Amino acid sequence: MPQFMPFRGLRYTAAAGPVSELLAPPYDVISPAQQAALAARNARNAVRLELAEGGEERYAQVGALLEHWLVAGFVERDPAGMFYVYEQSFVEEGQRYTRRAVIAAVEAQPWEAGAVKPHEFTMSGPKDDRLKLLEAARTQFSPVFMIARDRAGQLRQFIEDTISSRGPDAEGATIDGDEHRLWVVEGGRYEMRRLAPLLAESFYIADGHHRYETAVSYWQQQAKRGVDIPRDHPARFAMTAIVAADDPGLVIRPIHRIVPRPAPVNWADTLGDAFDIAGAGSIEDLASRPAGIEPLLAEGPGTIIALNAEPGRAHCLRLRSPEAMASRLPPGRSERWAAIAPNVLRYGVLEPLWGIGDDDLKAGAVEYTHDTAEAFAAIASRPATTAFLINHVGIGEVMALADQGERMPQKSTFFHPKLGTGLVFYPLYS
């Protein structure tokens with residue numbers, strides 16, 4: 001089971017500026033325009049560490065910048081090992097949610113150890129980038145997002161007791177309007193005893209697979225170079241926000257697919273053996289009443305809305321049965337794996353229509369968005385484009401597949417919103 005511990009975090013001081021000016025999203029969702037906007041908010045915004053500009057020299061520059069901030073008093077390290085209770089409040093489809101976590105240091109073990117379980121595959125490029133940054137700065141800037149079942153309820157109770165006891169030690173709002181609050185709790189024996197039931201749980205990565213794998217690679221490379229990395233060394237751990245699986249703010253968005261090609265003329269005949277196909281009106285009409293999308297998708301987890309397969313029209317593709325997909329799947333896959341929406345689309349639609357396989361996906365044959373409006377906008381701006389709206393994958397399926405050792409394709413889930421970067425950093429040295 002995963003080991004975790006409090007850690008001496010590195011946090012902004014009042015001299016750095018208001019917390020709202022300092023926070024940023026994690027690197028993998030920051031657009032160039034957003035990067036510029038964040039950097040303009042404050043000279044010490046976390047984006048300058050998390051996603052620095054430049055070429056290979058930028059990694060060393062981040063290390064030097066962080067050291068400058070330490071000397072200048074813009075950041076300082078907590079005097080003892082702490083747990084950090086973290087709360088995010090946000091609005092999703094008109095409803096306000098709150099998601100809560102405990103940020104701790106979780107032992108970064110290779111996947112085969114089984115203590116921490118992945119649910120998606122990763123790409124090598126981001127891991128190379130994150131490793132270079134770790135080696136230069138010796139600090140993790142963004143937490144990995146993990147889920148724990150919390151069957152004893154101690155994680156949620158610890159969080160609720162902390163939040164109800166006093167006001168936050170830091171709070172601010174990001175440019176997207178999300179609110180972030182942090183409570184700092186010294187991690188003594190009493191706190192460890194309260195959280196000890198988590199030691200009997202598996203942890204599941206919701207977001208941050210690349211960062212977690214990079215944390216593993218970092219300490220392994222240090223050990224190969226002869227650096228002494230004992231089991232309790234900070235470099236053996238990954239800064240992690242642990243969220244209870246039953247947290248009411250655990251929102252997962254679907255990730256829709258955009259294919260920058262027109263559909264074949266015989267698309268309906270090609271898909272007709274596996275799907276019942278029905279018209280869903282014009283794309284313009286559906287885009288103007290987004291509330292009509294959910295009832296269509298709710299007809300079944302394998303239901304797909306195709307946009308522009310027939311120019312200007314929307315269609316509802318209803319999977320007839322799991323057996324209808326059987327001949328199209330790679331061998332050795334379970335029915336549960338085959339039934340999730342990204343796989344129904346991949347093997348039931350994308351391959352039969354365009355022959356899109358793994359190499360094509362890696363080459364960018366498919367675009368992704370978790371924003372329905374962006375899918376409609378793609379169709380409007382590029383008429384020779386086909387888009388597909390799909391259902392999200394629930395947290396139960398995420399954990400069940402991880403328990404089976406089956407990973408989903410990349411871009412299968414979007415846990416919303418992303419965790420904030422900048423409330424606390426994690427030094428990899430004592």
# chains A, B, ... in the order shown; residues from 1 in each chain; ligands from 1
>>> residues_around(residues="Met5 (chain A)", least_positions_apart="6", cutoff="9 Å", atoms="only C-alpha atoms", output="VMD selection string")
chain A and resid 81 to 83 104 to 107 187 192 232 237
>>> closest_atom_pairs(of="region 313-408 of chain A", to="region 253-274 of chain A", cutoff="7 Å", atoms="only C-alpha atoms", output="Markdown table")
| residue | atom | partner | partner_atom | distance |
| --- | --- | --- | --- | --- |
| A:Leu319 | CA | A:Ala274 | CA | 6.0 |
| A:Arg320 | CA | A:Ala274 | CA | 6.0 |
| A:Ala324 | CA | A:Ala274 | CA | 4.9 |
| A:Met325 | CA | A:Ala274 | CA | 6.5 |
| A:Val349 | CA | A:Leu271 | CA | 6.9 |
| A:Pro352 | CA | A:Thr270 | CA | 6.9 |
| A:Leu353 | CA | A:Trp267 | CA | 6.5 |
| A:Ala365 | CA | A:Val259 | CA | 6.7 |
| A:Val366 | CA | A:Val259 | CA | 5.0 |
| A:Glu367 | CA | A:Ile258 | CA | 4.9 |
| A:Tyr368 | CA | A:Arg257 | CA | 4.9 |
| A:Thr369 | CA | A:His256 | CA | 5.3 |
| A:His370 | CA | A:Ile255 | CA | 4.4 |
| A:Ala375 | CA | A:Ile258 | CA | 6.8 |
| A:Ala384 | CA | A:Pro262 | CA | 4.8 |
| A:Thr385 | CA | A:Pro260 | CA | 4.5 |
| A:Thr386 | CA | A:Val259 | CA | 5.2 |
| A:Ala387 | CA | A:Ile258 | CA | 4.3 |
| A:Phe388 | CA | A:Arg257 | CA | 5.3 |
| A:Leu389 | CA | A:His256 | CA | 5.0 |
| A:Ile390 | CA | A:His256 | CA | 5.9 |
| A:Asn391 | CA | A:Pro254 | CA | 5.6 |
| A:His392 | CA | A:Pro254 | CA | 3.8 |
| A:Val393 | CA | A:Pro254 | CA | 6.8 |
>>> closest_residue(among="A:Arg58, A:His119, A:Lys127, A:His68", to="Ile395 (chain A)", atoms="only C-alpha atoms")
A:His119
>>> select_by_dssp(residues="region 240-300 of chain A", states="strand (DSSP E or B)", output="PyMOL selection string")
chain A and resi 240-244+251-253+256-259+275-282
>>> select_by_dssp(residues="region 106-314 of chain A", states="alpha helix (DSSP H)", output="PyMOL selection string")
chain A and resi 124-137+154-165+189-195+209-224+267-271+283-288+293-297
>>> closest_atom_pairs(of="region 126-241 of chain A", to="region 32-56 of chain A", cutoff="9 Å", atoms="only C-alpha atoms", output="tab-separated table")
residue	atom	partner	partner_atom	distance
A:Lys132	CA	A:Glu56	CA	8.9
A:Leu133	CA	A:Glu50	CA	8.6
A:Ala137	CA	A:Leu49	CA	8.8
A:Gln140	CA	A:Glu50	CA	8.8
A:Phe141	CA	A:Glu50	CA	6.2
A:Ser142	CA	A:Glu50	CA	7.6
A:Ile175	CA	A:Leu38	CA	8.3
>>> write_last_selection(atoms="N, CA and C atoms", output="PDB file, in the first residue's frame")
ATOM      1  N   LYS A 132      13.770  17.172 -16.722  1.00  0.00           N
ATOM      2  CA  LYS A 132      14.791  18.219 -16.819  1.00  0.00           C
ATOM      3  C   LYS A 132      14.499  19.347 -15.835  1.00  0.00           C
ATOM      4  N   LEU A 133      13.230  19.674 -15.685  1.00  0.00           N
ATOM      5  CA  LEU A 133      12.861  20.728 -14.737  1.00  0.00           C
ATOM      6  C   LEU A 133      13.136  20.302 -13.298  1.00  0.00           C
ATOM      7  N   ALA A 137      15.647  22.327 -10.799  1.00  0.00           N
ATOM      8  CA  ALA A 137      15.061  23.080  -9.684  1.00  0.00           C
ATOM      9  C   ALA A 137      15.004  22.291  -8.385  1.00  0.00           C
ATOM     10  N   GLN A 140       9.223  20.109  -6.862  1.00  0.00           N
ATOM     11  CA  GLN A 140       7.999  19.837  -7.603  1.00  0.00           C
ATOM     12  C   GLN A 140       7.055  21.021  -7.405  1.00  0.00           C
ATOM     13  N   PHE A 141       6.526  21.530  -8.506  1.00  0.00           N
ATOM     14  CA  PHE A 141       5.702  22.728  -8.432  1.00  0.00           C
ATOM     15  C   PHE A 141       4.205  22.440  -8.417  1.00  0.00           C
ATOM     16  N   SER A 142       3.770  21.346  -9.026  1.00  0.00           N
ATOM     17  CA  SER A 142       2.338  21.013  -9.094  1.00  0.00           C
ATOM     18  C   SER A 142       2.095  19.659  -8.451  1.00  0.00           C
ATOM     19  N   ILE A 175      -7.751  33.146 -12.542  1.00  0.00           N
ATOM     20  CA  ILE A 175      -8.356  33.987 -13.572  1.00  0.00           C
ATOM     21  C   ILE A 175      -9.614  33.358 -14.159  1.00  0.00           C
TER      22      ILE A 175
END
>>> atom_distance(atom1="CA of Ala24 (chain A)", atom2="CA of Gly420 (chain A)")
5.9 Å
>>> residues_around(residues="region 113-115 of chain A", least_positions_apart="6", cutoff="10 Å", atoms="only C-alpha atoms", output="ChimeraX atom specification")
/A:1-3,107,199-204,402-403,405
>>> closest_residue(among="A:Pro301, A:Pro118, A:Gly357, A:Gly177", to="Ala400 (chain A)", atoms="only C-alpha atoms")
A:Pro118
>>> closest_residue(among="A:Glu21, A:Glu294, A:Asp359, A:Glu135", to="Pro427 (chain A)", atoms="only C-alpha atoms")
A:Glu135
>>> closest_atom_pairs(of="region 109-148 of chain A", to="region 217-220 of chain A", cutoff="10 Å", atoms="only C-alpha atoms", output="JSON lines")
{"residue": "A:Gln109", "atom": "CA", "partner": "A:Ser217", "partner_atom": "CA", "distance": 9.6}
{"residue": "A:Pro110", "atom": "CA", "partner": "A:Ser217", "partner_atom": "CA", "distance": 8.8}
{"residue": "A:Lys127", "atom": "CA", "partner": "A:Ser217", "partner_atom": "CA", "distance": 9.1}
{"residue": "A:Asp128", "atom": "CA", "partner": "A:Ser217", "partner_atom": "CA", "distance": 9.8}
{"residue": "A:Arg130", "atom": "CA", "partner": "A:Tyr218", "partner_atom": "CA", "distance": 9.7}
{"residue": "A:Leu131", "atom": "CA", "partner": "A:Tyr218", "partner_atom": "CA", "distance": 6.6}
{"residue": "A:Lys132", "atom": "CA", "partner": "A:Tyr218", "partner_atom": "CA", "distance": 9.3}
{"residue": "A:Leu134", "atom": "CA", "partner": "A:Tyr218", "partner_atom": "CA", "distance": 7.4}
{"residue": "A:Glu135", "atom": "CA", "partner": "A:Tyr218", "partner_atom": "CA", "distance": 7.4}
{"residue": "A:Arg138", "atom": "CA", "partner": "A:Tyr218", "partner_atom": "CA", "distance": 9.4}
>>> write_last_selection(atoms="N, CA and C atoms", output="PDB file, in the first residue's frame")
ATOM      1  N   GLN A 109       6.483   5.068  -6.274  1.00  0.00           N
ATOM      2  CA  GLN A 109       6.920   3.707  -6.578  1.00  0.00           C
ATOM      3  C   GLN A 109       6.623   3.379  -8.040  1.00  0.00           C
ATOM      4  N   PRO A 110       7.421   2.515  -8.656  1.00  0.00           N
ATOM      5  CA  PRO A 110       7.101   2.076 -10.024  1.00  0.00           C
ATOM      6  C   PRO A 110       5.721   1.424 -10.058  1.00  0.00           C
ATOM      7  N   LYS A 127       7.280  13.778 -20.127  1.00  0.00           N
ATOM      8  CA  LYS A 127       8.093  13.237 -19.034  1.00  0.00           C
ATOM      9  C   LYS A 127       9.535  13.730 -19.147  1.00  0.00           C
ATOM     10  N   ASP A 128      10.068  13.811 -20.357  1.00  0.00           N
ATOM     11  CA  ASP A 128      11.429  14.325 -20.531  1.00  0.00           C
ATOM     12  C   ASP A 128      11.517  15.775 -20.063  1.00  0.00           C
ATOM     13  N   ARG A 130       9.507  17.368 -17.869  1.00  0.00           N
ATOM     14  CA  ARG A 130       9.351  17.479 -16.415  1.00  0.00           C
ATOM     15  C   ARG A 130      10.598  16.997 -15.675  1.00  0.00           C
ATOM     16  N   LEU A 131      11.277  15.977 -16.214  1.00  0.00           N
ATOM     17  CA  LEU A 131      12.479  15.471 -15.548  1.00  0.00           C
ATOM     18  C   LEU A 131      13.597  16.511 -15.594  1.00  0.00           C
ATOM     19  N   LYS A 132      13.770  17.172 -16.722  1.00  0.00           N
ATOM     20  CA  LYS A 132      14.791  18.219 -16.819  1.00  0.00           C
ATOM     21  C   LYS A 132      14.499  19.347 -15.835  1.00  0.00           C
ATOM     22  N   LEU A 134      12.823  19.044 -12.971  1.00  0.00           N
ATOM     23  CA  LEU A 134      13.092  18.548 -11.615  1.00  0.00           C
ATOM     24  C   LEU A 134      14.582  18.562 -11.311  1.00  0.00           C
ATOM     25  N   GLU A 135      15.379  18.133 -12.264  1.00  0.00           N
ATOM     26  CA  GLU A 135      16.822  18.066 -12.032  1.00  0.00           C
ATOM     27  C   GLU A 135      17.415  19.453 -11.839  1.00  0.00           C
ATOM     28  N   ARG A 138      15.096  20.952  -8.468  1.00  0.00           N
ATOM     29  CA  ARG A 138      14.987  20.062  -7.304  1.00  0.00           C
ATOM     30  C   ARG A 138      13.725  20.372  -6.488  1.00  0.00           C
TER      31      ARG A 138
END
>>> residues_around(residues="Ile252 (chain A)", least_positions_apart="4", cutoff="6 Å", atoms="only C-alpha atoms", output="MDAnalysis selection string")
chainID A and resid 414:416
>>> write_last_selection(atoms="N, CA and C atoms", output="CSV table (one decimal), in the first residue's frame")
chain,number,residue,atom,x,y,z
A,414,PHE,N,-11.2,13.9,-18.1
A,414,PHE,CA,-10.7,15.2,-17.8
A,414,PHE,C,-11.3,15.6,-16.4
A,415,PHE,N,-10.5,15.4,-15.4
A,415,PHE,CA,-11.0,15.8,-14.0
A,415,PHE,C,-11.0,17.3,-14.0
A,416,HIS,N,-12.1,17.9,-13.7
A,416,HIS,CA,-12.3,19.3,-13.7
A,416,HIS,C,-12.7,19.8,-12.3
>>> residues_around(residues="Asp150 (chain A)", least_positions_apart="3", cutoff="8 Å", atoms="only C-alpha atoms", output="PyMOL selection string")
chain A and resi 153-156+197-198+201+244-245
>>> residues_around(residues="Ala80 (chain A)", least_positions_apart="5", cutoff="9 Å", atoms="only C-alpha atoms", output="MDAnalysis selection string")
chainID A and resid 6:9 186:187
